[in-house]
Amino acid sequence: FYAKQFLAPKMLDDTMTWLQTIPDYLQTSASNRTKTGLTEEEMSLQHNGKWTRLKHARRKVALFDGTLSSYELPPILQRISNTLVSIGAFPSSNPPNHVLVNEYQPGEGIMPHTDGPAYESCTATISLGGSDVIFKLRPRQHFTAHEHCDQARNVQQKLDLILHGNGSLIVFRDDAYLEHTHEISEGVFEETTESGTCGNDLSGGTIVKRGYRISLTFRCKKVKKSTKVLEV
């Protein structure tokens with residue numbers, strides 16, 4: 001599912017204003033010394049809601065994990081989450097409770113990946129900042145004795161989409177989530193292909209110039225159920 005203009009102008013402005021209030025995570029030598037004594041949840045709370053620079057990539061991210069105890073999503077993210085449920089992007093039984101904010105500088109991308117089993121099989125991403133990118137969905141590589149069949153499958157099920165940077169929404173779930181990777185290539189300029197694989201530019205040949213972009217990725221994180229041991 002793709003909507004070119006998901007966020008209304010007022011909501012778009014409010015979200016961009018709110019993003020400017022996210023603080024940076026300041027790592028000190030004191031925090032390094034105390035990390036060994038922290039639980040996994042306590043360490044997550046230290047980073048939660050703060051910009052953090054990734055070690056393996058140039059971009060910075062901010063995580064908002066509503067499954068952490070004594071923490072709720074910021075009101076503006078909760079409003080968007082509620083809207084995603086109301087339009088049917090997520091079931092009411094598994095609403096988004098986890099939001100990852102990625103900041104991309106011009107030309108930055110993200111390598112092919114899946115979102116993994118820690119979440120329910122649905123992802124919704126909103127693009128902000130004004131810059132368009134080409135989103136690429138590719139079948140996962142399955143190497144079997146019938147490898148030629150897998151190669152044919154890879155050719156047939158590629159999908160590209162131009163994600164517009166003024167509040168667009170893409171939702172992918174089930175097979176698209178479980179059996180495909182998604183990526184955004186690096187580079188300032190990119191062109192849609194003429195093979196008909198771009199879902200919102202079938203004729204191809206559109207040149208996309210990449211600029212500053214922020215993505216908000218909504219997912220439903222699976223909550224681990226604790227088991228109690230009864231003493232007798």
# chains A, B, ... in the order shown; residues from 1 in each chain; ligands from 1
$ select_by_dssp --residues "stretch 119-230 of chain A" --states "strand (DSSP E or B)" --output "PyMOL selection string"
chain A and resi 119-128+133-139+159-163+168-173+180-184+189-191+198+207-209+213-221
$ residues_around --residues "stretch 193-207 of chain A" --least-positions-apart "4" --cutoff "9 Å" --atoms "only C-alpha atoms" --output "ChimeraX atom specification"
/A:134,136,157-162,189
$ select_by_dssp --residues "stretch 43-227 of chain A" --states "alpha helix (DSSP H)" --output "number ranges by chain"
A: 43-47, 75-86, 147-156, 175-178
$ residues_around --residues "A:Met16" --least-positions-apart "4" --cutoff "8 Å" --atoms "only C-alpha atoms" --output "list in words"
Leu12, Gln20, Leu128 and Gly129 of chain A
$ write_last_selection --atoms "C-alpha atoms" --output "compact mmCIF listing (two decimals), in the first residue's frame"
# COMPACT_ATOMS: atom_id res chain seq x y z
CA LEU A 12 3.26 17.39 8.57
CA GLN A 20 13.60 19.38 16.08
CA LEU A 128 9.53 13.60 5.50
CA GLY A 129 12.00 16.35 4.72
$ residues_around --residues "A:Asp132" --least-positions-apart "3" --cutoff "12 Å" --atoms "only C-alpha atoms" --output "ChimeraX atom specification"
/A:4,104,106-107,109,126-129,135,161-168,184,188-191,206-215
$ write_last_selection --atoms "C-alpha atoms" --output "mmCIF file, in the first residue's frame"
data_model
loop_
_atom_site.group_PDB
_atom_site.id
_atom_site.type_symbol
_atom_site.label_atom_id
_atom_site.label_comp_id
_atom_site.auth_asym_id
_atom_site.auth_seq_id
_atom_site.Cartn_x
_atom_site.Cartn_y
_atom_site.Cartn_z
ATOM 1 C CA LYS A 4 1.672 9.914 -1.777
ATOM 2 C CA TYR A 104 19.395 10.651 5.901
ATOM 3 C CA PRO A 106 21.720 13.706 0.623
ATOM 4 C CA GLY A 107 22.813 10.511 -1.110
ATOM 5 C CA GLY A 109 20.832 4.987 1.789
ATOM 6 C CA ILE A 126 6.423 7.822 6.495
ATOM 7 C CA SER A 127 8.869 9.991 4.509
ATOM 8 C CA LEU A 128 9.533 13.600 5.498
ATOM 9 C CA GLY A 129 12.000 16.354 4.715
ATOM 10 C CA PHE A 135 12.439 2.213 -2.386
ATOM 11 C CA LEU A 161 8.438 2.708 -5.565
ATOM 12 C CA ILE A 162 9.225 6.395 -5.543
ATOM 13 C CA LEU A 163 8.738 7.528 -1.945
ATOM 14 C CA HIS A 164 7.780 11.198 -1.932
ATOM 15 C CA GLY A 165 9.243 13.221 0.917
ATOM 16 C CA ASN A 166 6.242 15.317 1.901
ATOM 17 C CA GLY A 167 4.402 12.913 4.179
ATOM 18 C CA SER A 168 4.017 9.812 1.995
ATOM 19 C CA ILE A 184 17.476 2.435 -0.568
ATOM 20 C CA VAL A 188 22.528 11.605 -5.173
ATOM 21 C CA PHE A 189 20.857 10.765 -8.505
ATOM 22 C CA GLU A 190 18.859 7.679 -9.390
ATOM 23 C CA GLU A 191 16.608 6.758 -12.312
ATOM 24 C CA THR A 206 12.234 9.447 -14.030
ATOM 25 C CA ILE A 207 15.374 10.910 -12.469
ATOM 26 C CA VAL A 208 15.159 11.262 -8.702
ATOM 27 C CA LYS A 209 17.504 13.748 -7.051
ATOM 28 C CA ARG A 210 18.153 12.830 -3.461
ATOM 29 C CA GLY A 211 18.268 15.394 -0.690
ATOM 30 C CA TYR A 212 17.691 15.502 3.065
ATOM 31 C CA ARG A 213 15.141 12.959 4.273
ATOM 32 C CA ILE A 214 13.699 11.714 7.538
ATOM 33 C CA SER A 215 11.777 8.459 7.801
#
$ residues_around --residues "stretch 73-84 of chain A" --least-positions-apart "2" --cutoff "8 Å" --atoms "only C-alpha atoms" --output "ChimeraX atom specification"
/A:15,64-66,71,86-90,95-99,218
$ write_last_selection --atoms "C-alpha atoms" --output "short mmCIF file (atom, residue, chain, number, x, y, z; two decimals), in the first residue's frame"
data_model
loop_
_atom_site.label_atom_id
_atom_site.label_comp_id
_atom_site.auth_asym_id
_atom_site.auth_seq_id
_atom_site.Cartn_x
_atom_site.Cartn_y
_atom_site.Cartn_z
CA THR A 15 5.76 16.49 13.04
CA PHE A 64 10.88 5.30 20.56
CA ASP A 65 10.03 1.95 22.13
CA GLY A 66 6.58 1.92 23.69
CA TYR A 71 7.38 4.71 28.87
CA SER A 86 -7.98 3.42 11.87
CA ILE A 87 -7.09 3.08 8.16
CA GLY A 88 -6.44 -0.65 8.53
CA ALA A 89 -2.66 -0.58 8.14
CA PHE A 90 -2.37 -2.35 11.51
CA PRO A 95 -1.11 -1.50 17.01
CA PRO A 96 2.27 0.16 16.38
CA ASN A 97 4.20 0.44 19.64
CA HIS A 98 7.70 1.01 18.28
CA VAL A 99 8.91 3.89 16.08
CA PHE A 218 6.17 2.19 12.69
#
$ atom_distance --atom1 "atom CA of A:Asp115" --atom2 "atom CA of A:Leu19"
23.1 Å
$ atom_distance --atom1 "atom CA of A:Ile110" --atom2 "atom CA of A:Ser44"
22.7 Å
$ closest_residue --among "A:Met111, A:Val171, A:Val133, A:Ala118" --to "A:Lys224" --atoms "only C-alpha atoms"
A:Ala118
$ closest_residue --among "A:Arg140, A:Lys221, A:His113, A:Arg53" --to "A:Ser185" --atoms "only C-alpha atoms"
A:His113
$ atom_distance --atom1 "atom CA of A:Tyr119" --atom2 "atom CA of A:Thr17"
28.4 Å
$ closest_residue --among "A:Glu72, A:Asp13, A:Asp175, A:Glu186" --to "A:Arg138" --atoms "only C-alpha atoms"
A:Asp175
